[in-house]
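Text of data_3.cif, listed as mmCIF, C-alpha atoms and all ligand atoms:
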```cif
data_protein
#
loop_
_atom_site.group_PDB
_atom_site.id
_atom_site.type_symbol
_atom_site.label_atom_id
_atom_site.label_comp_id
_atom_site.auth_asym_id
_atom_site.auth_seq_id
_atom_site.Cartn_x
_atom_site.Cartn_y
_atom_site.Cartn_z
ATOM 1 C CA MET J 1 106.729 66.637 38.662
ATOM 2 C CA GLU J 2 105.012 63.335 37.879
ATOM 3 C CA LYS J 3 105.208 62.417 41.523
ATOM 4 C CA LYS J 4 103.714 65.729 42.527
ATOM 5 C CA ARG J 5 100.779 65.314 40.156
ATOM 6 C CA LYS J 6 100.084 61.840 41.501
ATOM 7 C CA GLU J 7 100.165 63.201 45.004
ATOM 8 C CA GLU J 8 97.677 65.909 44.063
ATOM 9 C CA LYS J 9 95.375 63.384 42.447
ATOM 10 C CA ARG J 10 95.468 61.195 45.515
ATOM 11 C CA ARG J 11 94.501 64.090 47.708
ATOM 12 C CA LYS J 12 91.659 64.969 45.350
ATOM 13 C CA ASP J 13 90.354 61.387 45.553
ATOM 14 C CA GLU J 14 90.385 61.468 49.307
ATOM 15 C CA ASP J 15 88.303 64.622 49.240
ATOM 16 C CA LEU J 16 85.858 63.332 46.653
ATOM 17 C CA PHE J 17 85.167 60.055 48.425
ATOM 18 C CA LYS J 18 84.167 60.518 52.016
ATOM 19 C CA VAL J 19 84.359 56.774 52.586
ATOM 20 C CA VAL J 20 86.887 54.589 50.810
ATOM 21 C CA ASP J 21 84.941 51.640 49.488
ATOM 22 C CA SER J 22 86.918 48.573 48.447
ATOM 23 C CA THR J 23 84.031 47.267 46.332
ATOM 24 C CA ILE J 24 84.550 50.094 43.831
ATOM 25 C CA ASP J 25 87.024 49.073 41.121
ATOM 26 C CA PRO J 26 89.512 51.530 39.535
ATOM 27 C CA ARG J 27 87.522 51.972 36.335
ATOM 28 C CA THR J 28 84.380 52.816 38.285
ATOM 29 C CA TYR J 29 86.425 55.381 40.252
ATOM 30 C CA LEU J 30 87.288 57.098 36.976
ATOM 31 C CA VAL J 31 83.639 57.131 35.948
ATOM 32 C CA LEU J 32 82.712 58.627 39.326
ATOM 33 C CA GLU J 33 85.341 61.346 38.840
ATOM 34 C CA LYS J 34 83.953 62.206 35.408
ATOM 35 C CA ILE J 35 80.426 62.358 36.781
ATOM 36 C CA ALA J 36 81.620 64.524 39.667
ATOM 37 C CA SER J 37 83.019 67.164 37.344
ATOM 38 C CA LYS J 38 79.943 67.048 35.119
ATOM 39 C CA LEU J 39 77.415 67.430 37.936
ATOM 40 C CA LYS J 40 79.567 69.540 40.296
ATOM 41 C CA ILE J 41 79.638 66.808 42.907
ATOM 42 C CA ASP J 42 82.145 67.513 45.655
ATOM 43 C CA THR J 43 81.564 64.454 47.855
ATOM 44 C CA TYR J 44 80.360 60.884 47.530
ATOM 45 C CA LEU J 45 79.114 59.751 50.929
ATOM 46 C CA GLY J 46 79.054 56.221 52.352
ATOM 47 C CA ALA J 47 76.656 53.676 50.813
ATOM 48 C CA ILE J 48 73.090 53.786 52.100
ATOM 49 C CA SER J 49 72.258 50.389 50.658
ATOM 50 C CA SER J 50 74.067 47.273 49.442
ATOM 51 C CA GLY J 51 71.898 44.976 47.374
ATOM 52 C CA LYS J 52 72.618 41.863 45.339
ATOM 53 C CA GLU J 53 73.369 43.828 42.188
ATOM 54 C CA ALA J 54 74.169 47.367 43.201
ATOM 55 C CA LYS J 55 74.968 49.843 45.937
ATOM 56 C CA ILE J 56 73.409 53.280 46.403
ATOM 57 C CA TYR J 57 75.434 56.316 47.493
ATOM 58 C CA PRO J 58 74.310 59.862 48.210
ATOM 59 C CA ALA J 59 76.400 62.461 46.383
ATOM 60 C CA LYS J 60 76.560 66.086 47.450
ATOM 61 C CA THR J 61 77.100 68.939 45.012
ATOM 62 C CA ILE J 62 78.968 72.160 45.674
ATOM 63 C CA ASP J 63 75.536 73.853 45.888
ATOM 64 C CA GLY J 64 74.474 71.492 48.664
ATOM 65 C CA LYS J 65 72.124 69.491 46.423
ATOM 66 C CA PHE J 66 72.009 65.678 46.674
ATOM 67 C CA TYR J 67 71.857 62.950 44.050
ATOM 68 C CA ALA J 68 71.384 59.219 44.472
ATOM 69 C CA VAL J 69 74.145 57.280 42.707
ATOM 70 C CA LYS J 70 73.472 53.621 41.911
ATOM 71 C CA ILE J 71 76.655 51.671 41.210
ATOM 72 C CA TYR J 72 76.231 48.221 39.713
ATOM 73 C CA TYR J 73 78.817 45.640 40.726
ATOM 74 C CA VAL J 74 80.878 44.514 37.778
ATOM 75 C CA SER J 75 81.483 40.848 36.905
ATOM 76 C CA THR J 76 79.680 38.376 39.083
ATOM 77 C CA ALA J 77 78.337 35.160 37.596
ATOM 78 C CA SER J 78 74.871 35.469 39.065
ATOM 79 C CA HIS J 79 74.637 38.972 37.733
ATOM 80 C CA LYS J 80 75.481 37.827 34.245
ATOM 81 C CA ARG J 81 72.751 35.207 34.336
ATOM 82 C CA ALA J 82 70.202 37.721 35.549
ATOM 83 C CA VAL J 83 71.005 40.225 32.822
ATOM 84 C CA GLU J 84 70.797 37.562 30.131
ATOM 85 C CA LYS J 85 67.465 36.420 31.476
ATOM 86 C CA TYR J 86 65.904 39.859 31.521
ATOM 87 C CA THR J 87 67.244 41.326 28.311
ATOM 88 C CA LEU J 88 66.431 38.210 26.272
ATOM 89 C CA GLY J 89 63.316 38.736 24.187
ATOM 90 C CA ASP J 90 63.248 42.475 24.913
ATOM 91 C CA LYS J 91 63.230 44.012 21.446
ATOM 92 C CA ARG J 92 64.917 47.207 22.615
ATOM 93 C CA PHE J 93 68.071 45.308 23.520
ATOM 94 C CA GLU J 94 68.364 42.831 20.665
ATOM 95 C CA LYS J 95 70.847 45.003 18.814
ATOM 96 C CA ILE J 96 73.277 45.302 21.686
ATOM 97 C CA LYS J 97 76.140 42.837 21.432
ATOM 98 C CA VAL J 98 76.817 41.311 24.782
ATOM 99 C CA SER J 99 80.408 40.207 24.551
ATOM 100 C CA ASN J 100 81.401 40.124 28.196
ATOM 101 C CA THR J 101 80.048 40.520 31.682
ATOM 102 C CA ARG J 102 81.135 44.123 31.990
ATOM 103 C CA GLN J 103 79.248 45.005 28.863
ATOM 104 C CA LEU J 104 76.202 43.152 30.160
ATOM 105 C CA ILE J 105 76.245 45.201 33.303
ATOM 106 C CA PHE J 106 76.507 48.463 31.357
ATOM 107 C CA THR J 107 73.469 47.258 29.387
ATOM 108 C CA TRP J 108 71.676 46.569 32.640
ATOM 109 C CA ALA J 109 72.381 50.056 34.014
ATOM 110 C CA LYS J 110 71.323 51.599 30.725
ATOM 111 C CA LYS J 111 68.141 49.567 30.815
ATOM 112 C CA GLU J 112 67.255 50.860 34.266
ATOM 113 C CA PHE J 113 67.974 54.402 33.094
ATOM 114 C CA LYS J 114 65.748 54.019 30.012
ATOM 115 C CA ASN J 115 62.931 52.498 32.028
ATOM 116 C CA LEU J 116 63.229 55.274 34.601
ATOM 117 C CA LYS J 117 63.158 57.900 31.866
ATOM 118 C CA ARG J 118 60.167 56.379 30.122
ATOM 119 C CA MET J 119 58.260 56.258 33.405
ATOM 120 C CA TYR J 120 59.329 59.764 34.425
ATOM 121 C CA GLU J 121 58.202 61.178 31.078
ATOM 122 C CA ALA J 122 54.861 59.390 31.415
ATOM 123 C CA GLY J 123 54.372 61.166 34.743
ATOM 124 C CA VAL J 124 54.983 58.150 36.988
ATOM 125 C CA TRP J 125 56.330 59.089 40.412
ATOM 126 C CA VAL J 126 59.905 57.823 40.059
ATOM 127 C CA PRO J 127 63.175 59.607 40.925
ATOM 128 C CA GLU J 128 64.145 61.911 38.061
ATOM 129 C CA PRO J 129 66.823 60.180 35.960
ATOM 130 C CA ILE J 130 69.931 62.380 35.543
ATOM 131 C CA LEU J 131 72.511 60.311 33.677
ATOM 132 C CA VAL J 132 73.984 56.887 33.140
ATOM 133 C CA MET J 133 77.669 56.193 32.455
ATOM 134 C CA GLU J 134 78.925 52.613 32.190
ATOM 135 C CA ASN J 135 77.825 50.906 35.435
ATOM 136 C CA VAL J 136 76.799 54.093 37.232
ATOM 137 C CA LEU J 137 73.309 55.623 37.251
ATOM 138 C CA VAL J 138 72.555 59.028 38.767
ATOM 139 C CA MET J 139 69.043 60.060 39.795
ATOM 140 C CA GLN J 140 67.143 62.474 42.006
ATOM 141 C CA PHE J 141 67.745 61.828 45.698
ATOM 142 C CA ILE J 142 64.538 60.977 47.587
ATOM 143 C CA GLY J 143 64.983 62.372 51.092
ATOM 144 C CA ASP J 144 66.478 65.350 52.914
ATOM 145 C CA ASN J 145 70.148 66.329 53.192
ATOM 146 C CA GLY J 146 71.439 62.933 52.179
ATOM 147 C CA VAL J 147 69.124 61.102 54.556
ATOM 148 C CA ARG J 148 66.901 58.867 52.465
ATOM 149 C CA ALA J 149 63.127 58.727 52.859
ATOM 150 C CA PRO J 150 61.669 55.510 54.328
ATOM 151 C CA LEU J 151 60.584 52.546 52.250
ATOM 152 C CA LEU J 152 56.919 51.544 52.395
ATOM 153 C CA LYS J 153 58.193 48.511 54.315
ATOM 154 C CA GLU J 154 59.721 50.764 56.998
ATOM 155 C CA LEU J 155 56.662 52.918 57.724
ATOM 156 C CA PRO J 156 54.938 52.514 61.089
ATOM 157 C CA ASP J 157 51.698 50.522 60.758
ATOM 158 C CA ASP J 158 49.470 53.485 61.565
ATOM 159 C CA GLU J 159 50.810 55.399 58.558
ATOM 160 C CA ILE J 160 49.901 52.671 56.098
ATOM 161 C CA ASP J 161 46.476 53.693 54.879
ATOM 162 C CA GLN J 162 44.004 53.642 52.019
ATOM 163 C CA ASP J 163 45.548 56.749 50.484
ATOM 164 C CA LEU J 164 48.968 55.104 50.114
ATOM 165 C CA TYR J 165 47.335 52.038 48.575
ATOM 166 C CA ASP J 166 45.424 54.199 46.087
ATOM 167 C CA GLN J 167 48.679 55.936 45.177
ATOM 168 C CA VAL J 168 50.374 52.620 44.427
ATOM 169 C CA VAL J 169 47.440 51.401 42.312
ATOM 170 C CA SER J 170 47.331 54.669 40.362
ATOM 171 C CA GLN J 171 51.081 54.490 39.704
ATOM 172 C CA ILE J 172 50.718 50.913 38.415
ATOM 173 C CA GLN J 173 48.021 52.208 36.109
ATOM 174 C CA LEU J 174 50.271 55.009 34.820
ATOM 175 C CA MET J 175 53.199 52.628 34.346
ATOM 176 C CA VAL J 176 51.152 50.194 32.288
ATOM 177 C CA ASN J 177 48.795 52.494 30.374
ATOM 178 C CA LYS J 178 51.088 55.474 29.760
ATOM 179 C CA ALA J 179 54.687 54.255 30.024
ATOM 180 C CA LYS J 180 53.691 50.837 28.639
ATOM 181 C CA LEU J 181 55.923 49.104 31.169
ATOM 182 C CA VAL J 182 55.406 46.483 33.852
ATOM 183 C CA HIS J 183 57.576 47.046 36.944
ATOM 184 C CA GLY J 184 58.367 43.383 37.499
ATOM 185 C CA ASP J 185 59.691 43.627 41.078
ATOM 186 C CA LEU J 186 57.128 45.773 42.814
ATOM 187 C CA SER J 187 56.807 45.327 46.568
ATOM 188 C CA GLU J 188 56.972 47.293 49.833
ATOM 189 C CA TYR J 189 60.778 47.225 49.368
ATOM 190 C CA ASN J 190 60.700 49.141 46.081
ATOM 191 C CA VAL J 191 58.387 51.965 47.070
ATOM 192 C CA MET J 192 59.731 54.992 48.965
ATOM 193 C CA VAL J 193 57.494 57.443 50.804
ATOM 194 C CA TYR J 194 58.361 61.122 50.848
ATOM 195 C CA ASP J 195 55.684 63.767 50.152
ATOM 196 C CA HIS J 196 54.041 61.047 48.061
ATOM 197 C CA ILE J 197 55.168 57.585 47.011
ATOM 198 C CA TYR J 198 58.093 56.998 44.663
ATOM 199 C CA ILE J 199 58.487 53.793 42.676
ATOM 200 C CA ILE J 200 62.160 52.695 42.515
ATOM 201 C CA ASP J 201 64.339 49.847 41.235
ATOM 202 C CA VAL J 202 63.113 49.504 37.649
ATOM 203 C CA SER J 203 66.043 47.644 36.070
ATOM 204 C CA GLN J 204 63.951 44.538 35.395
ATOM 205 C CA SER J 205 60.891 46.378 34.091
ATOM 206 C CA LEU J 206 59.558 45.095 30.775
ATOM 207 C CA PRO J 207 57.424 46.443 27.927
ATOM 208 C CA VAL J 208 53.749 45.462 28.229
ATOM 209 C CA ASP J 209 53.970 43.402 25.039
ATOM 210 C CA HIS J 210 56.750 41.177 26.419
ATOM 211 C CA GLU J 211 55.748 37.543 26.809
ATOM 212 C CA ASN J 212 56.382 37.631 30.583
ATOM 213 C CA ALA J 213 54.636 40.962 31.171
ATOM 214 C CA ARG J 214 51.254 39.603 32.258
ATOM 215 C CA GLU J 215 52.768 37.128 34.689
ATOM 216 C CA LEU J 216 55.016 39.780 36.270
ATOM 217 C CA LEU J 217 52.163 42.273 36.482
ATOM 218 C CA LEU J 218 50.021 39.728 38.273
ATOM 219 C CA ARG J 219 52.836 39.067 40.734
ATOM 220 C CA ASP J 220 53.358 42.816 41.321
ATOM 221 C CA ILE J 221 49.663 43.404 42.069
ATOM 222 C CA THR J 222 49.428 40.308 44.264
ATOM 223 C CA ARG J 223 52.400 41.426 46.378
ATOM 224 C CA VAL J 224 51.051 44.951 46.790
ATOM 225 C CA ASN J 225 47.613 43.629 47.760
ATOM 226 C CA GLU J 226 49.110 41.165 50.247
ATOM 227 C CA PHE J 227 51.170 43.874 51.916
ATOM 228 C CA PHE J 228 48.304 46.355 52.314
ATOM 229 C CA SER J 229 45.866 43.600 53.322
ATOM 230 C CA SER J 230 48.233 42.500 56.077
ATOM 231 C CA LYS J 231 48.136 46.083 57.406
ATOM 232 C CA GLY J 232 44.352 46.121 57.483
ATOM 233 C CA VAL J 233 43.791 48.207 54.353
ATOM 234 C CA LYS J 234 40.809 47.170 52.225
ATOM 235 C CA VAL J 235 42.207 46.240 48.804
ATOM 236 C CA LEU J 236 40.633 45.939 45.365
ATOM 237 C CA ASP J 237 40.092 42.564 43.690
ATOM 238 C CA ILE J 238 42.968 41.763 41.369
ATOM 239 C CA GLU J 239 40.450 41.344 38.537
ATOM 240 C CA GLU J 240 39.129 44.827 39.173
ATOM 241 C CA ILE J 241 42.641 46.321 38.965
ATOM 242 C CA LEU J 242 43.426 44.345 35.822
ATOM 243 C CA LYS J 243 40.268 45.667 34.135
ATOM 244 C CA LYS J 244 41.771 49.166 34.219
ATOM 245 C CA LEU J 245 45.079 48.050 32.709
ATOM 246 C CA GLU J 246 45.800 47.914 28.994
ATOM 247 C CA ILE J 247 47.839 44.754 28.500
ATOM 248 C CA PRO J 248 47.923 43.412 24.929
HETATM 249 N N1 LIG V 301 66.583 57.850 44.417
HETATM 250 C C1 LIG V 301 66.850 57.405 45.651
HETATM 251 N N2 LIG V 301 66.976 58.275 46.679
HETATM 252 C C2 LIG V 301 67.256 57.840 47.925
HETATM 253 N N3 LIG V 301 67.430 56.548 48.253
HETATM 254 C C3 LIG V 301 67.319 55.621 47.277
HETATM 255 C C4 LIG V 301 67.027 55.998 45.935
HETATM 256 N N4 LIG V 301 66.970 54.876 45.185
HETATM 257 C C5 LIG V 301 67.206 53.851 46.022
HETATM 258 N N5 LIG V 301 67.412 54.272 47.285
HETATM 259 C C6 LIG V 301 67.709 53.437 48.476
HETATM 260 O O1 LIG V 301 68.566 52.381 48.077
HETATM 261 C C7 LIG V 301 67.936 51.126 48.250
HETATM 262 C C8 LIG V 301 68.294 50.190 47.105
HETATM 263 O O2 LIG V 301 67.856 50.718 45.878
HETATM 264 P P1 LIG V 301 67.208 49.798 44.759
HETATM 265 O O3 LIG V 301 67.124 50.607 43.520
HETATM 266 O O4 LIG V 301 65.960 49.192 45.290
HETATM 267 O O5 LIG V 301 68.339 48.693 44.535
HETATM 268 P P2 LIG V 301 68.423 47.130 44.854
HETATM 269 O O6 LIG V 301 68.534 46.514 43.516
HETATM 270 O O7 LIG V 301 69.636 46.992 45.674
HETATM 271 O O8 LIG V 301 67.163 46.717 45.579
HETATM 272 C C9 LIG V 301 66.452 51.425 48.364
HETATM 273 O O9 LIG V 301 65.808 50.463 49.164
HETATM 274 C C10 LIG V 301 66.443 52.779 49.017
HETATM 275 O O10 LIG V 301 66.599 52.633 50.416
HETATM 276 MG MG MG V 302 65.215 47.301 45.566
#
```
Output the structure of this file as structure tokens.
Ligand SMILES: Nc1ncnc2c1ncn2[C@@H]1O[C@H](COP(=O)(O)OP(=O)(O)O)[C@@H](O)[C@H]1O
Ligand SMILES: [Mg+2]
Amino acid sequence: MEKKRKEEKRRKDEDLFKVVDSTIDPRTYLVLEKIASKLKIDTYLGAISSGKEAKIYPAKTIDGKFYAVKIYYVSTASHKRAVEKYTLGDKRFEKIKVSNTRQLIFTWAKKEFKNLKRMYEAGVWVPEPILVMENVLVMQFIGDNGVRAPLLKELPDDEIDQDLYDQVVSQIQLMVNKAKLVHGDLSEYNVMVYDHIYIIDVSQSLPVDHENARELLLRDITRVNEFFSSKGVKVLDIEEILKKLEIP
């Protein structure tokens, strides 16, 4: 009986995960199974991106809908340092006890989820946050049928125009003035382009009253201006953009 149940479970796993991924640890597998039953996911497809801190997988529901699933790697030294750096001095996270690396990473995922939610509710164009569980974050999939939309970086030169630049500037304005957050890692790599732009990757975003907020905001705007300038788009003076932003 026991053997039979194990066999059934194994078969279920094989169905649920289209691609067996050795970077997913057993505990994360359990979390993915829980999420699957909650959101009616019938398949996790192969990773569409492997970054320094996380991988992104498309997940397909029984209704043929797609989600983007961001899985943070657990327990790497560099990761631990990064989380400590970014959550230090952020009032919202002072109460969370960070006893081990795993916990730090859960905090990190939760932080991205909260930032995403705060931006989404302020009307910023970000993927809709769906849920976060331990080191796994689920959000709206940007693209069609599990094929992701291009990054700003990947667009052909002739599609990079004034309108896209204006969209990015207006989203920065919404993030700062309405969501009261500074992105902190904004660049052509963290903007997707579908019917309009989507700002992604907000794990390191900080409240506008954080001591590093102004410096990060300046870096974000500088990078955006440099990218659009290099494509021949006429950009605003940084001072002019800053004038419209409410930074304490
Ligand atoms: N909601 C989403 N829908 C579709 N693709 C996404 C989504 N979020 C991220 N991606 C893809 O995954 C990549 C990595 O995501 P990102 O959040 O930037 O993580 P990283 O920390 O690895 O940079 C992005 O460059 C994009 O190609
Ligand atoms: Mg990124």
Original post:
Within 9 Å of ligand LIG 301 (chain V), counting all atoms listed in the file: which residues, as a ChimeraX atom specification?
Top reply: /J:47-58,66-70,72,126-129,138-143,146-151,189-192,198-203
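Nearest residue to ligand MG 302 (chain V) among J:Thr101, J:Thr222, J:Gln173, J:Gln204 is J:Gln204, counting all atoms listed in the file.
In this structure, atom CA of J:Asp195 sits 26.5 Å away from atom CA of J:Lys40.
You can rank J:Arg27, J:Lys244, J:Lys18, J:His210 by their closest distance to J:Arg102 using all atoms listed in the file, and at the top of that list sits J:Arg27.
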**OP:** For J:Glu121, please output as a PyMOL selection string all residues within 12 Å (counting all atoms listed in the file; exclusion window: fewer than 6 positions along the same chain).
**Re:** chain J and resi 114-115+127-129+174-175+178-180
Original post:
atom CA of J:Asn177 to atom CA of J:Gly123: how many Å, to one decimal?
Top reply: 11.2 Å
Original post:
With all atoms listed in the file as the basis for distance, which of J:Leu186, J:Val124, J:Leu218, J:Leu236 is at the shortest distance from ligand MG 302 (chain V)?
Top reply: J:Leu186
Subject >> Nearby residues (only C-alpha atoms) at most 12 Å from J:Arg219, same-chain spacing under 2 positions excluded, as a list in words >> reply: Val182, His183, Gly184, Asp185, Leu186, Ser187, Asn212, Ala213, Arg214, Glu215, Leu216, Leu217, Ile221, Thr222, Arg223, Val224, Asn225, Glu226, Ile238 and Leu242 of chain J
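Pairwise distance (atom CA of J:His196, atom CA of J:Asp157) equals 16.7 Å.
Comparing J:Glu112, J:Arg92, J:Thr107, J:Ser230 by their smallest distance to J:Asp209, the closest is J:Arg92 (using all atoms listed in the file).
If you measure from each of J:Tyr165, J:Val208, J:Leu152, J:Val233 to ligand MG 302 (chain V) using only C-alpha atoms and all ligand atoms, the closest one turns out to be J:Leu152.
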With all atoms of stretch 21-26 of chain J from the file as input, state the centre and edge lengths in Å to one decimal of the axis-aligned box that has 8 Å extra on each side, as lines of an AutoDock Vina configuration file.
```
center_x = 86.8
center_y = 49.5
center_z = 44.5
size_x = 21.5
size_y = 20.4
size_z = 26.0
```
**OP:** Name the residues in contact with stretch 61-63 of chain J at a cut-off of 10 Å, using all atoms listed in the file, excluding same-chain residues fewer than 4 positions from it; report them as a ChimeraX atom specification.
**Re:** /J:36-37,39-44,67
Original post:
So which residues get picked by the PyMOL selection byres (((chain J and resi 137) around 8) and not hetatm) here, written as a PyMOL selection string?
Top reply: chain J and resi 69-71+109-110+113+130-133+135-136+138-139
Reconstructed all heavy atoms for stretch 158-167 of chain J, given as a PDB file, in the coordinates of the input:
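Listed below is the output, result-v4.pdb:
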```
ATOM      1  N   ASP J 158      50.588  52.523  61.584  1.00  0.00           N
ATOM      2  CA  ASP J 158      49.470  53.485  61.565  1.00  0.00           C
ATOM      3  C   ASP J 158      49.587  54.515  60.443  1.00  0.00           C
ATOM      4  O   ASP J 158      48.694  55.322  60.248  1.00  0.00           O
ATOM      5  CB  ASP J 158      49.312  54.166  62.939  1.00  0.00           C
ATOM      6  CG  ASP J 158      50.532  55.003  63.309  1.00  0.00           C
ATOM      7  OD1 ASP J 158      51.565  54.891  62.596  1.00  0.00           O
ATOM      8  OD2 ASP J 158      50.468  55.763  64.287  1.00  0.00           O
ATOM      9  N   GLU J 159      50.695  54.487  59.700  1.00  0.00           N
ATOM     10  CA  GLU J 159      50.810  55.399  58.558  1.00  0.00           C
ATOM     11  C   GLU J 159      50.470  54.717  57.232  1.00  0.00           C
ATOM     12  O   GLU J 159      50.469  55.332  56.180  1.00  0.00           O
ATOM     13  CB  GLU J 159      52.224  55.996  58.490  1.00  0.00           C
ATOM     14  CG  GLU J 159      52.437  57.069  59.540  1.00  0.00           C
ATOM     15  CD  GLU J 159      53.837  57.653  59.491  1.00  0.00           C
ATOM     16  OE1 GLU J 159      54.421  57.753  58.388  1.00  0.00           O
ATOM     17  OE2 GLU J 159      54.361  57.997  60.579  1.00  0.00           O
ATOM     18  N   ILE J 160      50.227  53.406  57.324  1.00  0.00           N
ATOM     19  CA  ILE J 160      49.901  52.671  56.098  1.00  0.00           C
ATOM     20  C   ILE J 160      48.388  52.659  55.923  1.00  0.00           C
ATOM     21  O   ILE J 160      47.677  51.952  56.634  1.00  0.00           O
ATOM     22  CB  ILE J 160      50.506  51.255  56.148  1.00  0.00           C
ATOM     23  CG1 ILE J 160      52.032  51.394  56.198  1.00  0.00           C
ATOM     24  CG2 ILE J 160      50.092  50.440  54.925  1.00  0.00           C
ATOM     25  CD1 ILE J 160      52.747  50.162  56.595  1.00  0.00           C
ATOM     26  N   ASP J 161      47.925  53.500  55.002  1.00  0.00           N
ATOM     27  CA  ASP J 161      46.476  53.693  54.879  1.00  0.00           C
ATOM     28  C   ASP J 161      45.998  53.550  53.438  1.00  0.00           C
ATOM     29  O   ASP J 161      46.769  53.301  52.520  1.00  0.00           O
ATOM     30  CB  ASP J 161      46.096  55.065  55.464  1.00  0.00           C
ATOM     31  CG  ASP J 161      46.835  56.209  54.762  1.00  0.00           C
ATOM     32  OD1 ASP J 161      47.468  55.962  53.706  1.00  0.00           O
ATOM     33  OD2 ASP J 161      46.787  57.348  55.264  1.00  0.00           O
ATOM     34  N   GLN J 162      44.682  53.734  53.315  1.00  0.00           N
ATOM     35  CA  GLN J 162      44.004  53.642  52.019  1.00  0.00           C
ATOM     36  C   GLN J 162      44.636  54.565  50.983  1.00  0.00           C
ATOM     37  O   GLN J 162      44.816  54.182  49.825  1.00  0.00           O
ATOM     38  CB  GLN J 162      42.533  54.047  52.247  1.00  0.00           C
ATOM     39  CG  GLN J 162      41.624  53.769  51.072  1.00  0.00           C
ATOM     40  CD  GLN J 162      41.401  52.283  50.919  1.00  0.00           C
ATOM     41  OE1 GLN J 162      41.207  51.578  51.904  1.00  0.00           O
ATOM     42  NE2 GLN J 162      41.456  51.802  49.699  1.00  0.00           N
ATOM     43  N   ASP J 163      44.999  55.775  51.417  1.00  0.00           N
ATOM     44  CA  ASP J 163      45.548  56.749  50.484  1.00  0.00           C
ATOM     45  C   ASP J 163      46.850  56.238  49.844  1.00  0.00           C
ATOM     46  O   ASP J 163      47.044  56.352  48.632  1.00  0.00           O
ATOM     47  CB  ASP J 163      45.796  58.089  51.191  1.00  0.00           C
ATOM     48  CG  ASP J 163      46.517  59.065  50.283  1.00  0.00           C
ATOM     49  OD1 ASP J 163      46.008  59.326  49.184  1.00  0.00           O
ATOM     50  OD2 ASP J 163      47.613  59.542  50.657  1.00  0.00           O
ATOM     51  N   LEU J 164      47.711  55.643  50.653  1.00  0.00           N
ATOM     52  CA  LEU J 164      48.968  55.104  50.114  1.00  0.00           C
ATOM     53  C   LEU J 164      48.677  53.976  49.117  1.00  0.00           C
ATOM     54  O   LEU J 164      49.303  53.877  48.065  1.00  0.00           O
ATOM     55  CB  LEU J 164      49.858  54.576  51.240  1.00  0.00           C
ATOM     56  CG  LEU J 164      50.734  55.587  51.978  1.00  0.00           C
ATOM     57  CD1 LEU J 164      51.534  54.879  53.060  1.00  0.00           C
ATOM     58  CD2 LEU J 164      51.688  56.296  51.017  1.00  0.00           C
ATOM     59  N   TYR J 165      47.709  53.137  49.475  1.00  0.00           N
ATOM     60  CA  TYR J 165      47.335  52.038  48.575  1.00  0.00           C
ATOM     61  C   TYR J 165      46.835  52.588  47.243  1.00  0.00           C
ATOM     62  O   TYR J 165      47.271  52.138  46.173  1.00  0.00           O
ATOM     63  CB  TYR J 165      46.271  51.158  49.236  1.00  0.00           C
ATOM     64  CG  TYR J 165      45.780  50.051  48.329  1.00  0.00           C
ATOM     65  CD1 TYR J 165      46.624  49.004  47.953  1.00  0.00           C
ATOM     66  CD2 TYR J 165      44.469  50.053  47.830  1.00  0.00           C
ATOM     67  CE1 TYR J 165      46.186  47.987  47.106  1.00  0.00           C
ATOM     68  CE2 TYR J 165      44.020  49.049  46.996  1.00  0.00           C
ATOM     69  CZ  TYR J 165      44.879  48.016  46.628  1.00  0.00           C
ATOM     70  OH  TYR J 165      44.441  47.017  45.799  1.00  0.00           O
ATOM     71  N   ASP J 166      45.951  53.592  47.316  1.00  0.00           N
ATOM     72  CA  ASP J 166      45.424  54.199  46.087  1.00  0.00           C
ATOM     73  C   ASP J 166      46.556  54.789  45.248  1.00  0.00           C
ATOM     74  O   ASP J 166      46.526  54.721  44.013  1.00  0.00           O
ATOM     75  CB  ASP J 166      44.396  55.282  46.419  1.00  0.00           C
ATOM     76  CG  ASP J 166      43.136  54.692  47.052  1.00  0.00           C
ATOM     77  OD1 ASP J 166      42.945  53.467  46.963  1.00  0.00           O
ATOM     78  OD2 ASP J 166      42.364  55.476  47.657  1.00  0.00           O
ATOM     79  N   GLN J 167      47.538  55.380  45.916  1.00  0.00           N
ATOM     80  CA  GLN J 167      48.679  55.936  45.177  1.00  0.00           C
ATOM     81  C   GLN J 167      49.424  54.837  44.419  1.00  0.00           C
ATOM     82  O   GLN J 167      49.780  55.001  43.255  1.00  0.00           O
ATOM     83  CB  GLN J 167      49.650  56.625  46.135  1.00  0.00           C
ATOM     84  CG  GLN J 167      49.144  57.949  46.700  1.00  0.00           C
ATOM     85  CD  GLN J 167      50.224  58.662  47.500  1.00  0.00           C
ATOM     86  OE1 GLN J 167      51.416  58.597  47.184  1.00  0.00           O
ATOM     87  NE2 GLN J 167      49.818  59.348  48.555  1.00  0.00           N
TER      88      GLN J 167
END
```
